[in-house]
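*Asks:* As input, take entry_23.pdb (PDB, C-alpha atoms and all ligand atoms):
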MODEL        1
ATOM      1  CA  MET B  17       0.000   0.000   0.000
ATOM      2  CA  LYS B  18       1.168   3.526  -0.785
ATOM      3  CA  LEU B  19      -0.397   6.266   1.326
ATOM      4  CA  ASP B  20      -0.453   9.965   0.537
ATOM      5  CA  VAL B  21      -0.979  11.006   4.169
ATOM      6  CA  LEU B  22      -0.314   9.135   7.416
ATOM      7  CA  ALA B  23      -1.287  10.670  10.761
ATOM      8  CA  ILE B  24       0.583   9.207  13.738
ATOM      9  CA  ALA B  25      -0.413   9.815  17.372
ATOM     10  CA  ALA B  26      -0.129   8.266  20.817
ATOM     11  CA  HIS B  27      -3.737   7.272  21.560
ATOM     12  CA  PRO B  28      -6.804   6.340  19.516
ATOM     13  CA  ASP B  29      -8.857   9.598  19.297
ATOM     14  CA  ASP B  30      -5.782  11.910  19.306
ATOM     15  CA  VAL B  31      -5.803  12.128  15.508
ATOM     16  CA  GLU B  32      -9.567  12.740  15.400
ATOM     17  CA  LEU B  33      -9.190  15.579  17.894
ATOM     18  CA  THR B  34      -6.304  17.343  16.127
ATOM     19  CA  CYS B  35      -6.571  16.732  12.387
ATOM     20  CA  GLY B  36      -9.646  14.580  11.676
ATOM     21  CA  GLY B  37     -11.191  17.220   9.421
ATOM     22  CA  THR B  38      -8.019  17.550   7.360
ATOM     23  CA  LEU B  39      -7.745  13.765   6.907
ATOM     24  CA  LEU B  40     -11.345  13.653   5.690
ATOM     25  CA  LYS B  41     -10.766  16.603   3.376
ATOM     26  CA  MET B  42      -7.724  14.894   1.837
ATOM     27  CA  ALA B  43      -9.676  11.622   1.384
ATOM     28  CA  GLU B  44     -12.429  13.600  -0.353
ATOM     29  CA  LYS B  45      -9.781  14.999  -2.705
ATOM     30  CA  GLY B  46      -8.919  11.413  -3.647
ATOM     31  CA  TYR B  47      -5.786  10.981  -1.533
ATOM     32  CA  LYS B  48      -5.129   7.747   0.338
ATOM     33  CA  THR B  49      -4.956   8.487   4.041
ATOM     34  CA  GLY B  50      -4.087   6.443   7.116
ATOM     35  CA  ILE B  51      -3.909   6.594  10.907
ATOM     36  CA  LEU B  52      -1.289   4.882  13.058
ATOM     37  CA  ASP B  53      -2.135   4.769  16.771
ATOM     38  CA  LEU B  54       1.063   4.088  18.687
ATOM     39  CA  THR B  55      -0.853   2.573  21.639
ATOM     40  CA  GLU B  56      -4.239   0.941  22.088
ATOM     41  CA  GLY B  57      -5.097   3.558  24.696
ATOM     42  CA  GLU B  58      -5.299   0.862  27.336
ATOM     43  CA  MET B  59      -4.571   3.341  30.148
ATOM     44  CA  GLY B  60      -7.691   5.358  29.266
ATOM     45  CA  THR B  61      -9.783   6.083  32.327
ATOM     46  CA  ARG B  62     -12.786   4.265  30.888
ATOM     47  CA  GLY B  63     -13.604   1.448  28.497
ATOM     48  CA  THR B  64     -11.497  -1.532  27.457
ATOM     49  CA  PRO B  65      -8.965  -1.685  24.581
ATOM     50  CA  GLU B  66     -11.533  -3.825  22.704
ATOM     51  CA  THR B  67     -14.145  -1.073  23.003
ATOM     52  CA  ARG B  68     -11.640   1.544  21.872
ATOM     53  CA  ALA B  69     -10.602  -0.595  18.888
ATOM     54  CA  LYS B  70     -14.250  -0.753  17.779
ATOM     55  CA  GLU B  71     -14.661   2.995  18.310
ATOM     56  CA  ALA B  72     -11.440   3.658  16.364
ATOM     57  CA  ALA B  73     -12.741   1.574  13.442
ATOM     58  CA  THR B  74     -16.015   3.524  13.409
ATOM     59  CA  ALA B  75     -14.122   6.841  13.441
ATOM     60  CA  ALA B  76     -11.789   5.661  10.653
ATOM     61  CA  LYS B  77     -14.781   4.794   8.497
ATOM     62  CA  LEU B  78     -16.356   8.217   9.059
ATOM     63  CA  LEU B  79     -13.077   9.930   8.111
ATOM     64  CA  LYS B  80     -12.748   7.679   5.015
ATOM     65  CA  VAL B  81      -9.219   6.540   5.905
ATOM     66  CA  SER B  82      -7.804   3.698   3.802
ATOM     67  CA  TRP B  83      -5.702   2.193   6.579
ATOM     68  CA  ARG B  84      -5.656   2.237  10.386
ATOM     69  CA  GLY B  85      -3.247   0.294  12.577
ATOM     70  CA  THR B  86      -1.756   0.102  16.061
ATOM     71  CA  LEU B  87       1.978  -0.108  16.751
ATOM     72  CA  GLY B  88       1.612  -1.889  20.100
ATOM     73  CA  VAL B  89       3.597   0.595  22.215
ATOM     74  CA  PRO B  90       2.478   0.501  25.890
ATOM     75  CA  ASP B  91       0.112   3.346  26.781
ATOM     76  CA  SER B  92       1.624   5.930  29.214
ATOM     77  CA  ASP B  93       5.094   4.687  28.225
ATOM     78  CA  VAL B  94       5.540   6.035  24.690
ATOM     79  CA  GLN B  95       9.331   6.347  24.639
ATOM     80  CA  PRO B  96      11.457   7.007  21.560
ATOM     81  CA  SER B  97      13.333   3.752  22.214
ATOM     82  CA  ARG B  98      15.347   1.985  19.521
ATOM     83  CA  ALA B  99      12.866  -0.923  19.434
ATOM     84  CA  HIS B 100       9.842   1.359  18.960
ATOM     85  CA  LYS B 101      11.629   3.452  16.335
ATOM     86  CA  LEU B 102      12.483   0.317  14.363
ATOM     87  CA  SER B 103       8.932  -1.021  14.440
ATOM     88  CA  LEU B 104       7.664   2.395  13.340
ATOM     89  CA  ALA B 105      10.289   2.525  10.560
ATOM     90  CA  LYS B 106       8.994  -0.843   9.336
ATOM     91  CA  VAL B 107       5.437   0.531   9.070
ATOM     92  CA  ILE B 108       6.734   3.623   7.228
ATOM     93  CA  ARG B 109       8.497   1.371   4.718
ATOM     94  CA  GLU B 110       5.300  -0.616   4.183
ATOM     95  CA  LEU B 111       2.933   2.363   3.842
ATOM     96  CA  ARG B 112       5.356   4.798   2.110
ATOM     97  CA  PRO B 113       3.386   7.964   3.025
ATOM     98  CA  ARG B 114       4.413  11.169   1.245
ATOM     99  CA  THR B 115       3.170  13.353   4.118
ATOM    100  CA  VAL B 116       3.258  12.405   7.797
ATOM    101  CA  ILE B 117       1.307  14.282  10.480
ATOM    102  CA  LEU B 118       2.798  14.069  13.983
ATOM    103  CA  PRO B 119       1.679  15.559  17.310
ATOM    104  CA  TYR B 120       3.170  18.964  18.111
ATOM    105  CA  TRP B 121       6.524  18.545  19.908
ATOM    106  CA  GLU B 122       5.473  20.183  23.177
ATOM    107  CA  ALA B 123       2.597  18.842  25.269
ATOM    108  CA  ARG B 124       1.335  18.298  28.796
ATOM    109  CA  HIS B 125       1.026  14.520  28.365
ATOM    110  CA  PRO B 126       4.490  12.894  28.016
ATOM    111  CA  ASP B 127       3.040  10.344  25.541
ATOM    112  CA  HIS B 128       2.200  13.198  23.171
ATOM    113  CA  TYR B 129       5.641  14.809  23.039
ATOM    114  CA  HIS B 130       7.351  11.414  23.017
ATOM    115  CA  ALA B 131       5.060  10.401  20.117
ATOM    116  CA  SER B 132       6.340  13.454  18.238
ATOM    117  CA  THR B 133      10.000  12.440  18.719
ATOM    118  CA  LEU B 134       9.340   8.746  18.109
ATOM    119  CA  GLY B 135       7.441   9.620  14.923
ATOM    120  CA  TYR B 136      10.183  11.880  13.566
ATOM    121  CA  GLU B 137      13.015   9.496  14.379
ATOM    122  CA  GLY B 138      11.114   6.472  13.058
ATOM    123  CA  CYS B 139      10.602   8.310   9.740
ATOM    124  CA  PHE B 140      14.292   9.169   9.651
ATOM    125  CA  LEU B 141      15.434   5.585  10.343
ATOM    126  CA  ALA B 142      13.078   4.249   7.658
ATOM    127  CA  GLY B 143      15.266   5.943   5.036
ATOM    128  CA  LEU B 144      18.587   4.465   6.165
ATOM    129  CA  LYS B 145      19.834   1.915   3.622
ATOM    130  CA  GLN B 146      22.092   0.040   6.020
ATOM    131  CA  LEU B 147      19.392  -0.439   8.656
ATOM    132  CA  PRO B 148      18.962  -4.122   9.576
ATOM    133  CA  LEU B 149      15.263  -3.967   8.773
ATOM    134  CA  GLU B 150      13.098  -5.543   6.102
ATOM    135  CA  GLY B 151      11.538  -3.440   3.374
ATOM    136  CA  GLU B 152      12.804  -0.880   0.869
ATOM    137  CA  PRO B 153      14.387   2.209   2.450
ATOM    138  CA  TYR B 154      11.881   5.077   2.350
ATOM    139  CA  ARG B 155      11.595   8.499   3.958
ATOM    140  CA  PRO B 156       8.430  10.659   3.864
ATOM    141  CA  PHE B 157       8.793  13.935   1.960
ATOM    142  CA  LYS B 158       6.928  16.159   4.410
ATOM    143  CA  ILE B 159       6.406  16.150   8.159
ATOM    144  CA  LEU B 160       3.655  18.310   9.628
ATOM    145  CA  TYR B 161       2.742  18.829  13.265
ATOM    146  CA  ALA B 162      -0.876  19.003  14.424
ATOM    147  CA  THR B 163      -1.231  21.481  17.214
ATOM    148  CA  SER B 164      -4.832  22.118  18.309
ATOM    149  CA  PHE B 165      -4.382  22.347  22.049
ATOM    150  CA  GLU B 166      -1.165  24.384  22.225
ATOM    151  CA  GLY B 167      -0.643  28.109  22.207
ATOM    152  CA  MET B 168       1.848  28.105  19.325
ATOM    153  CA  PRO B 169       0.971  30.237  16.291
ATOM    154  CA  PRO B 170       0.412  27.746  13.460
ATOM    155  CA  THR B 171       2.334  27.823  10.175
ATOM    156  CA  PHE B 172      -0.922  27.338   8.282
ATOM    157  CA  ILE B 173      -4.569  26.450   8.843
ATOM    158  CA  VAL B 174      -6.733  24.054   6.842
ATOM    159  CA  ASP B 175     -10.363  25.092   6.234
ATOM    160  CA  VAL B 176     -12.437  22.151   7.526
ATOM    161  CA  THR B 177     -15.811  23.892   7.546
ATOM    162  CA  LYS B 178     -17.364  21.318   5.193
ATOM    163  CA  GLN B 179     -15.815  18.402   7.108
ATOM    164  CA  TYR B 180     -16.547  19.692  10.606
ATOM    165  CA  GLU B 181     -19.784  17.806  11.293
ATOM    166  CA  ILE B 182     -18.327  14.422  10.293
ATOM    167  CA  ARG B 183     -15.128  15.165  12.226
ATOM    168  CA  ARG B 184     -17.341  15.847  15.234
ATOM    169  CA  ARG B 185     -19.115  12.513  14.787
ATOM    170  CA  ALA B 186     -15.739  10.731  14.464
ATOM    171  CA  ILE B 187     -14.634  12.218  17.798
ATOM    172  CA  LEU B 188     -17.934  11.298  19.427
ATOM    173  CA  ALA B 189     -17.478   7.727  18.127
ATOM    174  CA  PHE B 190     -15.156   7.328  21.128
ATOM    175  CA  ARG B 191     -18.248   7.312  23.284
ATOM    176  CA  SER B 192     -16.760   5.135  26.049
ATOM    177  CA  GLN B 193     -14.320   8.017  26.696
ATOM    178  CA  PHE B 194     -16.793  10.850  26.509
ATOM    179  CA  ARG B 195     -20.124   9.261  27.415
ATOM    180  CA  PRO B 196     -19.367   7.137  30.479
ATOM    181  CA  ALA B 197     -21.792   4.430  31.545
ATOM    182  CA  ARG B 198     -24.199   5.415  34.321
ATOM    183  CA  SER B 199     -22.224   3.315  36.836
ATOM    184  CA  GLU B 200     -19.016   5.229  36.009
ATOM    185  CA  ARG B 201     -20.435   8.720  36.250
ATOM    186  CA  LYS B 202     -19.284   9.313  39.794
ATOM    187  CA  GLN B 203     -15.612   8.833  38.879
ATOM    188  CA  ARG B 204     -13.424  11.792  39.617
ATOM    189  CA  VAL B 205     -11.842  12.028  36.159
ATOM    190  CA  TYR B 206     -14.785  13.090  34.092
ATOM    191  CA  LEU B 207     -14.417  14.191  30.479
ATOM    192  CA  ALA B 208     -18.003  15.201  30.079
ATOM    193  CA  ILE B 209     -19.338  15.347  26.561
ATOM    194  CA  ASP B 210     -21.088  18.622  27.308
ATOM    195  CA  GLU B 211     -17.657  20.154  28.036
ATOM    196  CA  LEU B 212     -15.806  18.525  25.150
ATOM    197  CA  ASP B 213     -18.262  19.492  22.424
ATOM    198  CA  PRO B 214     -18.271  23.282  23.011
ATOM    199  CA  LYS B 215     -14.508  23.241  23.597
ATOM    200  CA  MET B 216     -13.869  21.528  20.254
ATOM    201  CA  ASP B 217     -16.237  23.915  18.581
ATOM    202  CA  LEU B 218     -14.542  26.955  20.128
ATOM    203  CA  LEU B 219     -11.035  25.852  19.114
ATOM    204  CA  ALA B 220     -12.006  25.001  15.550
ATOM    205  CA  ARG B 221     -13.879  28.320  15.243
ATOM    206  CA  HIS B 222     -10.902  30.196  16.700
ATOM    207  CA  TYR B 223      -8.529  28.771  14.082
ATOM    208  CA  GLY B 224     -11.130  29.102  11.338
ATOM    209  CA  GLN B 225     -11.590  32.780  12.141
ATOM    210  CA  MET B 226      -7.841  33.342  11.636
ATOM    211  CA  ILE B 227      -8.240  32.509   7.926
ATOM    212  CA  GLY B 228     -11.744  33.933   7.473
ATOM    213  CA  VAL B 229     -13.713  30.658   7.506
ATOM    214  CA  LYS B 230     -15.986  28.986  10.064
ATOM    215  CA  TYR B 231     -13.839  26.023  11.155
ATOM    216  CA  GLY B 232     -10.092  25.390  10.834
ATOM    217  CA  GLU B 233      -7.383  22.972  11.937
ATOM    218  CA  PRO B 234      -3.913  24.379  12.676
ATOM    219  CA  PHE B 235      -0.557  22.865  11.669
ATOM    220  CA  LEU B 236       3.100  23.665  12.094
ATOM    221  CA  GLN B 237       6.015  22.771   9.891
ATOM    222  CA  LYS B 238       9.668  23.417  10.619
ATOM    223  CA  GLU B 239      10.538  24.511   7.055
ATOM    224  CA  LEU B 240       9.340  27.707   5.416
ATOM    225  CA  MET B 241       6.450  27.597   2.943
ATOM    226  CA  ALA B 242       7.381  28.186  -0.693
ATOM    227  CA  VAL B 243       4.914  30.172  -2.812
ATOM    228  CA  GLU B 244       4.649  29.840  -6.581
ATOM    229  CA  ASP B 245       1.855  32.316  -7.366
ATOM    230  CA  ILE B 246       1.402  35.385  -5.158
ATOM    231  CA  VAL B 247      -1.723  36.402  -7.054
ATOM    232  CA  ALA B 248      -3.558  33.184  -6.088
ATOM    233  CA  LEU B 249      -2.776  33.530  -2.364
ATOM    234  CA  PRO B 250      -5.878  32.959  -0.183
ATOM    235  CA  VAL B 251      -6.970  34.824   3.014
ATOM    236  CA  ARG B 252      -7.959  38.475   2.728
ATOM    237  CA  SER B 253      -5.543  41.079   4.138
ATOM    238  CA  ILE B 254      -7.794  44.168   4.346
TER     239      ILE B 254
HETATM  240 ZN    ZN B 301      -3.674  11.326  23.694
ENDMDL
END
With the file now loaded, output its structure as structure tokens.
*Replies:*
Amino acid sequence: MKLDVLAIAAHPDDVELTCGGTLLKMAEKGYKTGILDLTEGEMGTRGTPETRAKEAATAAKLLKVSWRGTLGVPDSDVQPSRAHKLSLAKVIRELRPRTVILPYWEARHPDHYHASTLGYEGCFLAGLKQLPLEGEPYRPFKILYATSFEGMPPTFIVDVTKQYEIRRRAILAFRSQFRPARSERKQRVYLAIDELDPKMDLLARHYGQMIGVKYGEPFLQKELMAVEDIVALPVRSI
């Protein structure tokens, strides 16, 4: 399989929350997209890994991704270790994505910033010819960082206004996380759906407003953007 875009993140639902709309938009353009969850999210406060796997499959279907897999890294212990980097490099060689989306490199949750490093270094290793690893050497062309919950000014924003409602449904597919069973409602850690929904809406509107649309998803890249045609540039200045 040859993917155009592969989004890599620590836990199932991370990708949906940061760049689900963009993945859907790319699939609608005809690109082959994929999601690699580094862990099964087995340390999640609620639900079992089996439930989350089912929820992840539902979300993947909504976002029209061609491939979704799990790397098998232990949840809450996403370290950029040699072993994890090699197994990630193997997946990169199999899927050969042109563009890879990683979590932004700073985060509150150690799994998220470690996922960023592990993702980058796995992509790098995948291109080394002498690596004792099966598969043709391959390195993605572009690495982007999805950054929804951080204060960093993005490099660019993708208009996901048309994809927003399905993105929302893909996030809500993880209902065991956001809609706890009645018996679990007294737990102290409580990610209530009525808090998550307006918060998602607010963030996507905030980034959308920055480019003059209703909903947007922000990204960073470490390189500068090259522009071919300054007359065709979007986003009104005055
Ligand atoms: Zn996460």
*Asks:* One number please: atom CA of Thr86 of chain B to atom CA of Pro148 of chain B, in Å, one decimal.
*Replies:* 22.1 Å
*Asks:* Return as a ChimeraX atom specification every polymer residue, whether protein, DNA or RNA, with at least one atom no more than 6 Å from an atom of ligand ZN 301 (chain B); count all atoms listed in the file.
*Replies:* /B:26-27,30
*Asks:* Which is closer to Ala73 of chain B than all the others in B:Ala131, B:Leu160, B:Asp53, B:Lys41, using all atoms listed in the file?
*Replies:*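 When distances to Ala73 of chain B are compared using all atoms listed in the file, the smallest one comes from B:Asp53.
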*Asks:* For a quick check of understanding, using all atoms listed in the file, which of B:Glu66, B:Val94, B:Leu188, B:Lys77 has the smallest distance to Leu39 of chain B?
*Replies:*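 Under the stated criterion, the closest residue is B:Lys77.
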*Asks:* Considering only C-alpha atoms, state which residue in the set B:Thr74, B:Thr49, B:Thr171, B:Thr38 is at the smallest distance from Ile187 of chain B.
*Replies:*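 For Ile187 of chain B, the nearest of the candidates is B:Thr74.
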*Asks:* Return as a PyMOL selection string the set of residues that the PyMOL selection byres (((chain B and resi 234) around 8) and not hetatm) yields on the displayed structure.
*Replies:* chain B and resi 162-164+170-174+223+232-233+235-236
*Asks:* Suppose a student applies the PyMOL selection byres (((chain B and resi 54) around 10) and not hetatm) to this structure; what residues should they get, written as a ChimeraX atom specification?
*Replies:* /B:24-28,51-53,55-57,85-91,94,100,104,127,131,134-135
*Asks:* Measuring between all atoms listed in the file, which one of B:Thr34, B:Ser253, B:Gln237, B:Ser132 shows the shortest distance to Thr115 of chain B?
*Replies:*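 That would be B:Gln237, the residue with the smallest distance to Thr115 of chain B.
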*Asks:* Quick one: pull the distance between atom CA of Phe140 of chain B and atom CA of Lys18 of chain B, Å, one decimal.
*Replies:*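 Computed distance, atom CA of Phe140 of chain B to atom CA of Lys18 of chain B, equals 17.7 Å.
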*Asks:* Using only C-alpha atoms for the distances, tell me which of B:Lys45, B:Lys145, B:Arg98, B:Arg184 is nearest to Thr133 of chain B.
*Replies:*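 Nearest to Thr133 of chain B: B:Arg98.
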*Asks:* What gap, in Å, lies between atom CA of Lys230 of chain B and atom CA of Ala75 of chain B?
*Replies:* 22.5 Å
*Asks:* Give the answer as one residue: which of B:Arg191, B:His222, B:Arg183, B:Arg155 has the shortest atom-to-atom distance to Leu79 of chain B, using only C-alpha atoms?
*Replies:*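 Going through B:Arg191, B:His222, B:Arg183, B:Arg155 one by one, the smallest distance to Leu79 of chain B is for B:Arg183.
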*Asks:* List as number ranges by chain the protein and nucleic acid residues near Gly50 of chain B, meaning an atom at most 6 Å away when all atoms listed in the file are counted, but skip any in the same chain fewer than 2 places from it.
*Replies:* B: 22, 81-84
*Asks:* What are the centre and edge lengths in Å, to one decimal, of the axis-aligned box around all listed atoms of segment 43-61 of chain B with 5 Å added on each side, as AutoDock Vina command-line options?
*Replies:*
--center_x -5.7 --center_y 7.9 --center_z 14.3 --size_x 23.5 --size_y 24.1 --size_z 46.0
*Asks:* Kindly write all heavy atoms of segment 113-124 of chain B from the structure just given to a file, as an mmCIF file, in the first residue's frame.
*Replies:*
data_model
loop_
_atom_site.group_PDB
_atom_site.id
_atom_site.type_symbol
_atom_site.label_atom_id
_atom_site.label_comp_id
_atom_site.auth_asym_id
_atom_site.auth_seq_id
_atom_site.Cartn_x
_atom_site.Cartn_y
_atom_site.Cartn_z
ATOM 1 N N PRO B 113 4.174 6.718 3.106
ATOM 2 C CA PRO B 113 3.386 7.964 3.025
ATOM 3 C C PRO B 113 4.241 9.139 2.529
ATOM 4 O O PRO B 113 5.396 9.268 2.933
ATOM 5 C CB PRO B 113 2.974 8.199 4.478
ATOM 6 C CG PRO B 113 4.049 7.553 5.295
ATOM 7 C CD PRO B 113 4.515 6.362 4.493
ATOM 8 N N ARG B 114 3.671 9.973 1.679
ATOM 9 C CA ARG B 114 4.413 11.169 1.245
ATOM 10 C C ARG B 114 4.439 12.207 2.371
ATOM 11 O O ARG B 114 5.431 12.836 2.635
ATOM 12 C CB ARG B 114 3.774 11.781 -0.003
ATOM 13 C CG ARG B 114 4.518 13.044 -0.434
ATOM 14 C CD ARG B 114 3.974 13.666 -1.696
ATOM 15 N NE ARG B 114 4.420 15.059 -1.818
ATOM 16 C CZ ARG B 114 5.517 15.436 -2.454
ATOM 17 N NH1 ARG B 114 6.291 14.574 -3.045
ATOM 18 N NH2 ARG B 114 5.841 16.733 -2.505
ATOM 19 N N THR B 115 3.276 12.377 3.030
ATOM 20 C CA THR B 115 3.170 13.353 4.118
ATOM 21 C C THR B 115 2.832 12.625 5.413
ATOM 22 O O THR B 115 1.948 11.776 5.430
ATOM 23 C CB THR B 115 2.062 14.378 3.803
ATOM 24 O OG1 THR B 115 2.419 15.069 2.601
ATOM 25 C CG2 THR B 115 1.877 15.385 4.923
ATOM 26 N N VAL B 116 3.546 12.983 6.481
ATOM 27 C CA VAL B 116 3.258 12.405 7.797
ATOM 28 C C VAL B 116 2.833 13.531 8.738
ATOM 29 O O VAL B 116 3.445 14.602 8.751
ATOM 30 C CB VAL B 116 4.501 11.664 8.362
ATOM 31 C CG1 VAL B 116 4.344 11.367 9.843
ATOM 32 C CG2 VAL B 116 4.730 10.364 7.590
ATOM 33 N N ILE B 117 1.756 13.308 9.476
ATOM 34 C CA ILE B 117 1.307 14.282 10.480
ATOM 35 C C ILE B 117 1.646 13.717 11.858
ATOM 36 O O ILE B 117 1.244 12.604 12.199
ATOM 37 C CB ILE B 117 -0.210 14.549 10.380
ATOM 38 C CG1 ILE B 117 -0.570 15.060 8.984
ATOM 39 C CG2 ILE B 117 -0.649 15.554 11.453
ATOM 40 C CD1 ILE B 117 -2.081 15.216 8.746
ATOM 41 N N LEU B 118 2.405 14.484 12.632
ATOM 42 C CA LEU B 118 2.798 14.069 13.983
ATOM 43 C C LEU B 118 2.182 15.015 15.010
ATOM 44 O O LEU B 118 1.789 16.131 14.663
ATOM 45 C CB LEU B 118 4.329 14.139 14.122
ATOM 46 C CG LEU B 118 5.150 13.218 13.218
ATOM 47 C CD1 LEU B 118 6.641 13.472 13.447
ATOM 48 C CD2 LEU B 118 4.813 11.763 13.500
ATOM 49 N N PRO B 119 2.135 14.609 16.288
ATOM 50 C CA PRO B 119 1.679 15.559 17.310
ATOM 51 C C PRO B 119 2.725 16.674 17.478
ATOM 52 O O PRO B 119 3.919 16.432 17.274
ATOM 53 C CB PRO B 119 1.614 14.722 18.593
ATOM 54 C CG PRO B 119 1.803 13.305 18.188
ATOM 55 C CD PRO B 119 2.471 13.298 16.859
ATOM 56 N N TYR B 120 2.268 17.839 17.828
ATOM 57 C CA TYR B 120 3.170 18.964 18.111
ATOM 58 C C TYR B 120 4.179 18.538 19.188
ATOM 59 O O TYR B 120 3.860 17.759 20.071
ATOM 60 C CB TYR B 120 2.323 20.160 18.569
ATOM 61 C CG TYR B 120 3.137 21.359 18.959
ATOM 62 C CD1 TYR B 120 4.029 21.933 18.062
ATOM 63 C CD2 TYR B 120 3.026 21.914 20.238
ATOM 64 C CE1 TYR B 120 4.791 23.027 18.425
ATOM 65 C CE2 TYR B 120 3.776 23.018 20.595
ATOM 66 C CZ TYR B 120 4.653 23.568 19.688
ATOM 67 O OH TYR B 120 5.405 24.647 20.058
ATOM 68 N N TRP B 121 5.416 19.073 19.077
ATOM 69 C CA TRP B 121 6.524 18.545 19.908
ATOM 70 C C TRP B 121 6.503 18.986 21.361
ATOM 71 O O TRP B 121 7.308 18.517 22.156
ATOM 72 C CB TRP B 121 7.863 18.882 19.246
ATOM 73 C CG TRP B 121 8.047 20.354 18.954
ATOM 74 C CD1 TRP B 121 8.568 21.295 19.793
ATOM 75 C CD2 TRP B 121 7.729 21.042 17.732
ATOM 76 N NE1 TRP B 121 8.588 22.529 19.174
ATOM 77 C CE2 TRP B 121 8.089 22.403 17.901
ATOM 78 C CE3 TRP B 121 7.180 20.650 16.504
ATOM 79 C CZ2 TRP B 121 7.908 23.362 16.912
ATOM 80 C CZ3 TRP B 121 7.004 21.608 15.520
ATOM 81 C CH2 TRP B 121 7.356 22.938 15.728
ATOM 82 N N GLU B 122 5.621 19.874 21.754
ATOM 83 C CA GLU B 122 5.473 20.183 23.177
ATOM 84 C C GLU B 122 4.067 19.816 23.601
ATOM 85 O O GLU B 122 3.114 20.063 22.859
ATOM 86 C CB GLU B 122 5.682 21.679 23.441
ATOM 87 C CG GLU B 122 7.138 22.076 23.481
ATOM 88 C CD GLU B 122 7.320 23.580 23.605
ATOM 89 O OE1 GLU B 122 6.369 24.293 23.996
ATOM 90 O OE2 GLU B 122 8.420 24.040 23.265
ATOM 91 N N ALA B 123 3.919 19.241 24.805
ATOM 92 C CA ALA B 123 2.597 18.842 25.269
ATOM 93 C C ALA B 123 2.627 18.624 26.775
ATOM 94 O O ALA B 123 3.696 18.482 27.377
ATOM 95 C CB ALA B 123 2.152 17.568 24.565
ATOM 96 N N ARG B 124 1.445 18.573 27.366
ATOM 97 C CA ARG B 124 1.335 18.298 28.796
ATOM 98 C C ARG B 124 1.558 16.805 29.046
ATOM 99 O O ARG B 124 2.244 16.408 29.976
ATOM 100 C CB ARG B 124 -0.067 18.709 29.273
ATOM 101 C CG ARG B 124 -0.300 18.571 30.767
ATOM 102 C CD ARG B 124 -1.767 18.854 31.093
ATOM 103 N NE ARG B 124 -2.655 17.848 30.524
ATOM 104 C CZ ARG B 124 -2.980 16.710 31.132
ATOM 105 N NH1 ARG B 124 -2.518 16.429 32.324
ATOM 106 N NH2 ARG B 124 -3.785 15.852 30.549
#
